[in-house]
Each structure stands twice: as C-alpha cells, then as structure tokens.
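One file, start_39.cif, is given below (mmCIF, C-alpha atoms).
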data_protein
#
loop_
_atom_site.label_atom_id
_atom_site.label_comp_id
_atom_site.auth_asym_id
_atom_site.auth_seq_id
_atom_site.Cartn_x
_atom_site.Cartn_y
_atom_site.Cartn_z
CA MET A 1 157.51 -87.20 128.64
CA LYS A 2 159.08 -84.72 126.25
CA LEU A 3 156.82 -82.31 124.35
CA GLY A 4 157.48 -81.31 120.77
CA PHE A 5 155.66 -80.65 117.52
CA VAL A 6 155.67 -81.85 113.91
CA SER A 7 157.41 -79.24 111.80
CA SER A 8 155.37 -79.82 108.62
CA ILE A 9 152.83 -77.17 109.65
CA MET A 10 155.62 -74.56 109.35
CA ASP A 11 155.96 -74.79 105.58
CA GLY A 12 157.98 -71.84 104.33
CA TRP A 13 160.08 -71.44 107.47
CA THR A 14 163.76 -72.41 107.43
CA PHE A 15 165.20 -75.10 109.69
CA GLU A 16 166.81 -72.41 111.82
CA GLU A 17 163.55 -70.48 112.13
CA VAL A 18 161.70 -73.64 113.20
CA ILE A 19 164.32 -74.41 115.84
CA ASP A 20 164.30 -70.79 117.05
CA PHE A 21 160.53 -70.90 117.45
CA ALA A 22 160.64 -74.26 119.24
CA ALA A 23 163.26 -72.97 121.68
CA ALA A 24 161.52 -69.66 122.32
CA SER A 25 158.22 -71.49 122.94
CA GLY A 26 159.73 -73.92 125.45
CA PHE A 27 159.53 -77.15 123.45
CA ASP A 28 161.80 -80.06 124.29
CA CYS A 29 161.94 -81.69 120.87
CA LEU A 30 160.99 -81.54 117.20
CA GLU A 31 159.74 -84.08 114.66
CA ALA A 32 161.48 -82.68 111.59
CA ALA A 33 159.79 -82.94 108.18
CA CYS A 34 162.14 -84.44 105.58
CA TRP A 35 160.30 -84.79 102.29
CA PRO A 36 162.21 -84.83 99.01
CA ASN A 37 162.24 -81.79 96.77
CA GLY A 38 159.59 -81.61 94.08
CA GLY A 39 156.37 -80.41 95.67
CA ALA A 40 153.54 -82.03 97.56
CA GLU A 41 150.82 -84.40 96.38
CA ARG A 42 148.63 -83.65 99.39
CA ARG A 43 148.25 -81.29 102.34
CA TYR A 44 151.01 -81.31 104.98
CA ALA A 45 153.34 -83.23 102.67
CA GLY A 46 156.28 -82.02 100.62
CA VAL A 47 157.71 -79.96 103.49
CA SER A 48 161.41 -80.31 104.22
CA HIS A 49 163.28 -78.65 107.08
CA ILE A 50 166.28 -80.95 106.85
CA ASP A 51 167.75 -81.69 103.41
CA ILE A 52 168.29 -85.45 103.41
CA ASP A 53 170.62 -85.51 100.41
CA ARG A 54 172.85 -82.90 102.08
CA VAL A 55 172.86 -84.90 105.30
CA LEU A 56 174.12 -87.92 103.38
CA GLU A 57 176.76 -86.01 101.42
CA ASP A 58 177.89 -83.03 103.49
CA GLY A 59 179.53 -83.48 106.89
CA GLU A 60 179.55 -79.73 107.55
CA TYR A 61 175.80 -79.56 107.00
CA ARG A 62 175.25 -82.48 109.40
CA THR A 63 177.31 -80.69 112.03
CA HIS A 64 175.38 -77.48 111.49
CA VAL A 65 172.00 -79.22 111.92
CA LEU A 66 173.05 -80.92 115.13
CA ASP A 67 174.92 -77.96 116.62
CA TYR A 68 172.16 -75.47 115.85
CA ALA A 69 169.47 -77.60 117.51
CA ALA A 70 171.69 -78.45 120.48
CA GLY A 71 172.68 -74.83 120.92
CA LYS A 72 169.02 -73.91 121.27
CA GLY A 73 168.28 -76.83 123.61
CA VAL A 74 165.90 -78.58 121.20
CA ALA A 75 166.32 -82.30 120.48
CA ILE A 76 165.41 -83.64 117.04
CA CYS A 77 163.42 -86.68 118.12
CA SER A 78 162.66 -88.07 114.67
CA LEU A 79 162.89 -87.48 110.94
CA ALA A 80 159.42 -87.43 109.38
CA PHE A 81 158.53 -88.72 105.92
CA TYR A 82 154.99 -90.07 105.38
CA PRO A 83 154.75 -91.54 101.85
CA ASN A 84 152.89 -94.47 100.33
CA THR A 85 155.57 -97.15 99.98
CA MET A 86 152.95 -99.56 98.59
CA ASP A 87 151.50 -97.24 95.96
CA ALA A 88 149.86 -98.95 92.98
CA ASP A 89 151.96 -96.68 90.77
CA LEU A 90 155.25 -98.57 90.70
CA ALA A 91 157.32 -95.50 89.86
CA LYS A 92 155.92 -93.60 92.85
CA ARG A 93 156.36 -96.66 95.04
CA GLU A 94 160.04 -97.00 94.12
CA ALA A 95 160.70 -93.29 94.58
CA ASN A 96 159.08 -93.35 98.02
CA ILE A 97 161.01 -96.43 99.12
CA THR A 98 164.27 -94.95 97.87
CA HIS A 99 163.78 -91.71 99.79
CA LEU A 100 162.64 -93.54 102.93
CA LYS A 101 165.89 -95.52 102.92
CA LYS A 102 167.78 -92.23 102.63
CA VAL A 103 165.87 -90.85 105.60
CA ILE A 104 166.77 -93.95 107.62
CA ARG A 105 170.46 -93.55 106.81
CA ALA A 106 170.28 -89.83 107.58
CA SER A 107 168.69 -90.55 110.95
CA HIS A 108 171.65 -92.78 111.71
CA LEU A 109 174.24 -90.22 110.59
CA LEU A 110 172.60 -87.51 112.69
CA GLY A 111 172.47 -89.80 115.73
CA ILE A 112 168.69 -89.42 115.99
CA GLY A 113 167.76 -93.07 115.60
CA MET A 114 164.07 -92.58 114.77
CA VAL A 115 162.03 -92.23 111.58
CA THR A 116 158.29 -91.58 111.60
CA THR A 117 156.35 -92.75 108.55
CA PHE A 118 153.46 -94.79 107.10
CA ILE A 119 153.34 -98.41 105.95
CA GLY A 120 151.44 -97.37 102.83
CA ARG A 121 148.73 -99.26 100.99
CA ASP A 122 147.49 -100.04 97.51
CA GLN A 123 144.11 -98.37 97.97
CA HIS A 124 142.43 -100.61 95.38
CA LYS A 125 143.46 -103.91 97.03
CA THR A 126 141.97 -105.72 100.03
CA VAL A 127 143.58 -105.80 103.45
CA GLU A 128 144.69 -109.38 102.80
CA GLU A 129 146.28 -108.45 99.48
CA ASN A 130 148.04 -105.52 101.10
CA ILE A 131 149.43 -107.74 103.84
CA GLU A 132 150.99 -109.87 101.11
CA LEU A 133 152.43 -106.68 99.62
CA PHE A 134 153.74 -105.70 103.06
CA LYS A 135 155.54 -109.05 103.25
CA GLN A 136 157.28 -108.26 99.96
CA ILE A 137 158.31 -104.66 100.73
CA TRP A 138 158.77 -104.09 104.44
CA PRO A 139 161.25 -106.77 105.61
CA GLU A 140 163.95 -105.05 103.56
CA LEU A 141 163.05 -101.62 104.99
CA ILE A 142 163.17 -102.91 108.56
CA ARG A 143 166.50 -104.62 107.87
CA CYS A 144 167.78 -101.26 106.62
CA ALA A 145 166.60 -99.70 109.88
CA GLU A 146 168.21 -102.43 111.98
CA GLU A 147 171.52 -102.12 110.16
CA ASN A 148 171.50 -98.38 110.85
CA GLY A 149 170.31 -98.63 114.46
CA VAL A 150 167.12 -96.72 113.63
CA LYS A 151 163.58 -97.28 114.92
CA ILE A 152 160.67 -97.03 112.50
CA ALA A 153 157.54 -95.59 114.13
CA ILE A 154 154.40 -96.02 112.02
CA GLU A 155 151.50 -93.60 112.40
CA ASN A 156 148.03 -95.19 112.45
CA CYS A 157 146.37 -92.70 110.10
CA PRO A 158 144.23 -94.53 107.48
CA MET A 159 145.02 -91.83 104.92
CA LEU A 160 141.42 -92.01 103.74
CA PHE A 161 139.85 -88.57 103.69
CA GLY A 162 138.51 -87.88 100.21
CA GLU A 163 137.83 -89.32 96.79
CA ASP A 164 141.50 -89.36 95.73
CA GLN A 165 142.22 -91.93 98.48
CA TRP A 166 139.08 -94.01 97.99
CA PRO A 167 138.23 -96.81 98.56
CA GLY A 168 140.85 -98.31 100.90
CA GLY A 169 143.05 -95.42 101.96
CA GLN A 170 146.81 -95.24 101.65
CA ASN A 171 148.08 -96.65 104.95
CA LEU A 172 147.55 -100.22 106.13
CA MET A 173 148.47 -99.64 109.81
CA THR A 174 144.99 -98.61 110.93
CA SER A 175 143.80 -100.87 113.77
CA PRO A 176 145.03 -103.17 116.56
CA VAL A 177 143.80 -106.17 114.54
CA ILE A 178 146.16 -105.24 111.71
CA TRP A 179 148.95 -104.13 114.07
CA ARG A 180 149.05 -107.58 115.68
CA ARG A 181 149.33 -109.25 112.29
CA LEU A 182 152.12 -107.00 111.02
CA PHE A 183 154.08 -107.23 114.26
CA GLU A 184 153.81 -111.02 114.06
CA LEU A 185 155.21 -110.91 110.53
CA ILE A 186 158.06 -108.55 111.51
CA PRO A 187 158.72 -108.90 115.26
CA SER A 188 161.73 -106.59 115.13
CA LYS A 189 162.26 -104.22 118.07
CA ASN A 190 163.02 -101.53 115.49
CA PHE A 191 159.42 -101.64 114.20
CA GLY A 192 156.76 -99.87 116.24
CA LEU A 193 154.11 -97.18 116.50
CA ASN A 194 153.80 -93.42 116.29
CA TYR A 195 150.39 -93.43 117.94
CA ASP A 196 147.81 -90.76 117.08
CA PRO A 197 144.56 -91.20 119.03
CA SER A 198 142.55 -88.84 116.82
CA HIS A 199 142.24 -91.41 114.04
CA PHE A 200 140.55 -93.87 116.37
CA VAL A 201 137.94 -91.32 117.41
CA TRP A 202 136.46 -90.87 113.94
CA GLN A 203 136.63 -94.63 113.35
CA GLU A 204 134.63 -95.06 116.59
CA MET A 205 137.38 -97.14 118.20
CA ASP A 206 138.83 -97.26 121.72
CA TYR A 207 141.86 -94.95 121.76
CA ILE A 208 142.92 -95.72 125.36
CA ARG A 209 143.13 -99.52 125.48
CA PRO A 210 145.83 -99.87 122.77
CA ILE A 211 148.23 -97.90 124.96
CA TYR A 212 148.34 -100.80 127.41
CA GLU A 213 148.45 -103.67 124.92
CA PHE A 214 151.08 -102.06 122.68
CA ARG A 215 153.12 -100.35 125.38
CA ASP A 216 156.30 -102.03 124.13
CA ARG A 217 155.65 -100.77 120.59
CA LEU A 218 154.98 -97.12 121.43
CA MET A 219 157.99 -95.26 120.08
CA GLN A 220 156.38 -91.85 119.70
CA VAL A 221 152.98 -90.23 120.22
CA HIS A 222 151.12 -87.55 118.28
CA PHE A 223 148.93 -85.05 120.10
CA LYS A 224 146.18 -84.17 117.62
CA ASP A 225 142.46 -83.84 118.26
CA VAL A 226 139.42 -84.44 116.08
CA LYS A 227 135.84 -83.17 116.20
CA LEU A 228 132.92 -85.28 115.04
CA PHE A 229 129.79 -83.58 113.74
CA PRO A 230 126.86 -85.81 114.85
CA ASP A 231 124.30 -84.10 112.61
CA LYS A 232 126.47 -84.67 109.54
CA LEU A 233 127.27 -88.24 110.60
CA ARG A 234 123.56 -89.01 110.94
CA GLU A 235 123.05 -87.75 107.40
CA CYS A 236 125.97 -89.41 105.58
CA GLY A 237 127.05 -92.32 107.81
CA THR A 238 130.51 -93.78 108.32
CA MET A 239 130.71 -94.99 104.71
CA ALA A 240 131.04 -91.38 103.55
CA TYR A 241 134.37 -89.64 103.07
CA PRO A 242 135.56 -89.01 106.66
CA LEU A 243 135.97 -85.27 106.14
CA ASP A 244 132.24 -85.15 105.43
CA TYR A 245 131.54 -85.73 109.14
CA MET A 246 134.68 -84.80 111.06
CA ALA A 247 137.53 -82.27 111.20
CA PRO A 248 141.03 -82.37 112.71
CA LYS A 249 141.37 -79.87 115.57
CA LEU A 250 143.94 -78.56 118.00
CA PRO A 251 144.25 -80.55 121.25
CA GLY A 252 141.44 -79.49 123.56
CA LEU A 253 139.15 -78.29 120.76
CA GLY A 254 137.90 -81.74 119.76
CA ASP A 255 136.46 -84.88 121.31
CA ILE A 256 139.51 -86.55 122.88
CA ASP A 257 139.68 -86.82 126.66
CA TRP A 258 143.30 -85.72 127.00
CA SER A 259 143.35 -86.22 130.76
CA ALA A 260 142.49 -89.90 130.28
CA PHE A 261 144.90 -90.30 127.37
CA VAL A 262 147.90 -88.79 129.15
CA SER A 263 146.96 -90.67 132.32
CA ALA A 264 147.19 -93.95 130.42
CA LEU A 265 150.60 -92.94 129.07
CA THR A 266 151.80 -92.27 132.61
CA ASP A 267 150.38 -95.63 133.70
CA ILE A 268 152.78 -97.43 131.36
CA GLY A 269 155.69 -95.16 132.20
CA TYR A 270 155.87 -93.57 128.77
CA ASP A 271 158.74 -91.08 128.85
CA ALA A 272 159.57 -90.61 125.16
CA CYS A 273 158.51 -87.79 122.85
CA ALA A 274 154.96 -86.61 122.26
CA CYS A 275 154.61 -84.26 119.30
CA ILE A 276 151.76 -81.87 118.61
CA GLU A 277 150.51 -82.30 115.06
CA VAL A 278 148.55 -79.31 113.79
CA GLU A 279 146.10 -79.92 110.95
CA ASP A 280 143.36 -77.53 112.07
CA ARG A 281 142.27 -75.46 109.07
CA SER A 282 140.80 -72.81 111.38
CA PHE A 283 144.37 -71.75 112.18
CA GLU A 284 145.98 -71.65 108.73
CA ASP A 285 145.02 -68.29 107.23
CA THR A 286 148.23 -66.45 108.27
CA ARG A 287 151.74 -67.33 109.40
CA GLU A 288 151.12 -65.84 112.84
CA ARG A 289 147.92 -67.84 113.17
CA ILE A 290 149.88 -71.04 112.47
CA LEU A 291 152.35 -70.14 115.22
CA ASP A 292 149.42 -69.37 117.53
CA SER A 293 148.03 -72.86 116.88
CA ILE A 294 151.23 -74.47 118.12
CA ARG A 295 151.44 -72.16 121.14
CA LEU A 296 147.80 -72.75 122.07
CA SER A 297 148.24 -76.52 121.79
CA LYS A 298 151.26 -76.42 124.08
CA LYS A 299 149.46 -74.21 126.59
CA TYR A 300 146.53 -76.63 126.76
CA LEU A 301 148.61 -79.82 126.98
CA SER A 302 151.01 -78.44 129.57
CA GLN A 303 148.38 -78.87 132.27
CA PHE A 304 148.75 -82.65 131.88
CA LEU A 305 152.54 -82.85 131.57
CA VAL A 306 155.20 -82.42 134.21
#
Could you express the structure from this file as structure tokens?
Amino acid sequence: MKLGFVSSIMDGWTFEEVIDFAAASGFDCLEAACWPNGGAERRYAGVSHIDIDRVLEDGEYRTHVLDYAAGKGVAICSLAFYPNTMDADLAKREANITHLKKVIRASHLLGIGMVTTFIGRDQHKTVEENIELFKQIWPELIRCAEENGVKIAIENCPMLFGEDQWPGGQNLMTSPVIWRRLFELIPSKNFGLNYDPSHFVWQEMDYIRPIYEFRDRLMQVHFKDVKLFPDKLRECGTMAYPLDYMAPKLPGLGDIDWSAFVSALTDIGYDACACIEVEDRSFEDTRERILDSIRLSKKYLSQFLV
C-alpha cells in the first residue's frame, strides 16, 4: 500500500512546493488537485497544483511535471477534480463536464491513468430521477476514460453538509445500494471507487464490509476520520445538517477504527494508493499548522502500514 495525501489542503503552495514537502515527509504518492481557474464555490475546491490546460497544450510543461515529481521520488497517483457533473444549473453542469474530460485526457498524457471525482447529483431530484440523469451523462464520460486508458475513481461523499446542498446533496455515489445499481448500468473496469470510510460513519453505516464486496472496484482509498458528537445528535437527529452533529478530523482523532480498516484492506490484498485527506478545521489557522496536520496524519497511520 502506498501512502500519499490530497494536495487540495495546500492551497497557495506551488506544485513544486507540494512535491518538495511530500518528498521531505516521506510520502510515496500525491493526489494532485486540478480544478479550473476561477475560484472555488466551496471549501477545499478551486485548488489547482497542475494546470490542466497547460498539460494539454504544452509538452515542455508536461515533461516538467513528470520529471520534477520523479526526481523527488513522488508518484502522482491521480488527478483530482470533484465537481457536480449533474448540477441543476445547466451552464455549471456543462462547464464541469468539459473540465472533467480535460482532466481525463491530461491523466492520459501524463501517464497517470487515474482521475478521482464525484458522480454529482441534482440535489432537488430523487435518487431514481438522478439515476436516470446518470444514464444520460456518465456513459459518455466513461467512454472518454476508456478511450484514454484512464480509471475513474468516485468518492462516496454525499456532499450534503449545509443548507446550500440541501435536500439531496450533490453526489449520488453514497451507499452500496446505489453503487450496485450504477455498476450494473456501467460495468466498465474503468469505473470504480475512491473509498472514504469517514462518510459512512456519520451516516451510521458499516464502513468495513464494503471493502470485501467491492474489492474489485477499489481503485483508491482516502484516509480521513470523522468525530460524531452524541449530545448534539440526540438534540438534532440525523435529519439535521450533518455538520450540526459531526466534524471531519485527522486520522486517529475521530471515531474510525483504523486498525480494523487497514486490516480489511490487507485481507483483500489492496496494494494501491491510500491518500490522507485533511479537512480538520482545528489545523487550518496557519500554513505551518496545515503542514503539521499532514505530518501528524502520516505519523499515526504509519503504525498500520508496512
């Protein structure tokens, strides 16, 4: 298993600075944020450490990206872009789809072969209506991935945290029940999971069992923890905005049993990349504190990894 981190937490650092930090901290790989220019609509979005348009147009830039990472001994395991490709706003939807296709082509040109993303969701439509929307939008995206020899790994975050994402959230790929249905609709080997167990904790779901059932779909794993606040949950219930009763935390500072989780990964022989995803607001007040959060996460998780 190769340990890396998601670069989006290092907003404001250059690509070279991110790679330098990863190398100096002993990481094997990096999930590189690749959002388009123009700012972020939400936290942890809008960050770009690899310029996708330059990758597509500039051979010297491509060579620089690959040579710089290789020279530091850090593999770029995936290009990360997490938009809503099924947004109710058709202009946003089209822009997101267009950039995602660019990211797929860039992943091919860089020889990475992996893109991490969301399915998306029209938050005002039912699950059934969104599955119909998935059938309209995603076959073409997966064909694009197949033609470019790229795997698409979907994170299972519901993207439902506050009132701006109410009522249904902005990502359909939220549960094994839905995973089975979408994998039946698109059985492609290029379509799989970027599995983050933290989202199952706050939904009160089993985060170990899916590892075994979907072992052939696990393309990448996120190491992120979450802490539930029982007193708050008793007051507001699970129908409240999730951030009213939980908070993302660094691995080891929340409720996930990381020994059991990593043990299950070793049971299935998982040997791909596992990337720390930092979204812990307790570690965001300074640049050095952000770097500390990544270092601390690595230090904790290293006890489980060989």
**Report entry** Result set, the PyMOL selection byres ((chain A and resi 85) around 12) on current file, as a ChimeraX atom specification
**Finding:** /A:81-84,86-101,117-123,130,133-134,136-138,141,170-172
Query raised in the report: What's the 8 Å shell around Val201 in chain A, counting all atoms listed in the file, without same-chain residues fewer than 4 positions away, as a list in words?
Result: Pro197, Met205, Asp206, Tyr207, Val226, Asp255 and Ile256 of chain A
To test your reading of the syntax: which residues would the PyMOL selection byres ((chain A and resi 193) around 8) return for the file shown? Reply as a compact mmCIF listing (two decimals) with C-alpha atoms, in the coordinates of the input.
# COMPACT_ATOMS: atom_id res chain seq x y z
CA ILE A 152 160.67 -97.03 112.50
CA ALA A 153 157.54 -95.59 114.13
CA ILE A 154 154.40 -96.02 112.02
CA GLU A 155 151.50 -93.60 112.40
CA ASN A 156 148.03 -95.19 112.45
CA PHE A 191 159.42 -101.64 114.20
CA GLY A 192 156.76 -99.87 116.24
CA ASN A 194 153.80 -93.42 116.29
CA TYR A 195 150.39 -93.43 117.94
CA ARG A 217 155.65 -100.77 120.59
CA LEU A 218 154.98 -97.12 121.43
CA MET A 219 157.99 -95.26 120.08
CA GLN A 220 156.38 -91.85 119.70
CA VAL A 221 152.98 -90.23 120.22
Query raised in the report: Do you have the CA of Leu3 in chain A-CA of Ala247 in chain A distance handy?
Result: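 One can read the CA of Leu3 in chain A to CA of Ala247 in chain A distance as 23.3 Å.
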**Report entry** Nearby residues (only C-alpha atoms) at most 9 Å from range 278-287 of chain A, same-chain spacing under 3 positions excluded, as a list in words
**Finding:** Phe5, Val6, Ser8, Ile9, Met10, Arg43, Tyr44, Phe223, Lys224, Asp225, Val226, Ala247, Pro248, Lys249, Leu250, Pro251, Ile290, Leu291, Asp292, Ser293, Ile294 and Ser297 of chain A
For the residues in the current selection, export C-alpha atoms as a compact mmCIF listing (two decimals), in the coordinates of the input.
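This went into selection_7.txt:
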# COMPACT_ATOMS: atom_id res chain seq x y z
CA PHE A 5 155.66 -80.65 117.52
CA VAL A 6 155.67 -81.85 113.91
CA SER A 8 155.37 -79.82 108.62
CA ILE A 9 152.83 -77.17 109.65
CA MET A 10 155.62 -74.56 109.35
CA ARG A 43 148.25 -81.29 102.34
CA TYR A 44 151.01 -81.31 104.98
CA PHE A 223 148.93 -85.05 120.10
CA LYS A 224 146.18 -84.17 117.62
CA ASP A 225 142.46 -83.84 118.26
CA VAL A 226 139.42 -84.44 116.08
CA ALA A 247 137.53 -82.27 111.20
CA PRO A 248 141.03 -82.37 112.71
CA LYS A 249 141.37 -79.87 115.57
CA LEU A 250 143.94 -78.56 118.00
CA PRO A 251 144.25 -80.55 121.25
CA ILE A 290 149.88 -71.04 112.47
CA LEU A 291 152.35 -70.14 115.22
CA ASP A 292 149.42 -69.37 117.53
CA SER A 293 148.03 -72.86 116.88
CA ILE A 294 151.23 -74.47 118.12
CA SER A 297 148.24 -76.52 121.79
Report summary line: Atom pair CA of Gly113 in chain A + CA of Leu182 in chain A, distance 21.4 Å
Report task. On this file, the PyMOL selection byres ((chain A and resi 36) around 10) gives some set of residues; write that set as a list in words. Result ->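 Evaluating the PyMOL selection byres ((chain A and resi 36) around 10) on these coordinates yields Ala33, Cys34, Trp35, Asn37, Gly38, Gly39, Ala40, Ala45, Gly46, Val47, Ser48, Ile50, Asp51, Ile52, Asp53, Phe81, Ala95, Asn96, His99, Leu100, Lys102 and Val103 of chain A.
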Report task. Excluding Ala260 in chain A and residues on its chain fewer than 2 positions from it, collect all residues at most 12 Å away from it, counting all atoms listed in the file, and give them as a PyMOL selection string. Result -> chain A and resi 197+206-209+211+255-258+262-267+304
Query raised in the report: Within 12 Å of Arg62 in chain A, counting only C-alpha atoms, which residues qualify if same-chain residues fewer than 2 places away don't, as number ranges by chain?
Result: A: 50-60, 64-69, 106-112
Range 67-77 of chain A: axis-aligned bounding box, 4 Å on each side, centre and edge lengths in Å, one decimal, as AutoDock Vina command-line options:
--center_x 169.2 --center_y -80.3 --center_z 119.7 --size_x 19.5 --size_y 20.8 --size_z 15.8
Requested in this report: Could you please determine the separation between CA of Ala272 in chain A and CA of Lys2 in chain A in Å, to one decimal place?
Outcome: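 Going from CA of Ala272 in chain A over to CA of Lys2 in chain A, I get 6.0 Å.
With distances taken over all atoms listed in the file, A:Glu17 is the one residue among A:Glu17, A:Asp216, A:Asp244, A:Glu128 lying closest to Lys72 in chain A.
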Query raised in the report: In file coordinates, which residues lie within 6 Å of (150.2, -84.2, 119.6) using only C-alpha atoms, given as a PyMOL selection string?
Result: chain A and resi 222-224+274-277
Next, write the just-selected residues to a file, as a compact mmCIF listing (two decimals), in the frame of the given file, keeping C-alpha atoms as the atom set.
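Output (part.txt):
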# COMPACT_ATOMS: atom_id res chain seq x y z
CA HIS A 222 151.12 -87.55 118.28
CA PHE A 223 148.93 -85.05 120.10
CA LYS A 224 146.18 -84.17 117.62
CA ALA A 274 154.96 -86.61 122.26
CA CYS A 275 154.61 -84.26 119.30
CA ILE A 276 151.76 -81.87 118.61
CA GLU A 277 150.51 -82.30 115.06
Query raised in the report: Nearest to Glu132 in chain A among A:Val150, A:Leu185, A:Phe200, A:Cys157, with distances taken over all atoms listed in the file: which residue is it?
Result: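 Closest candidate: A:Leu185.
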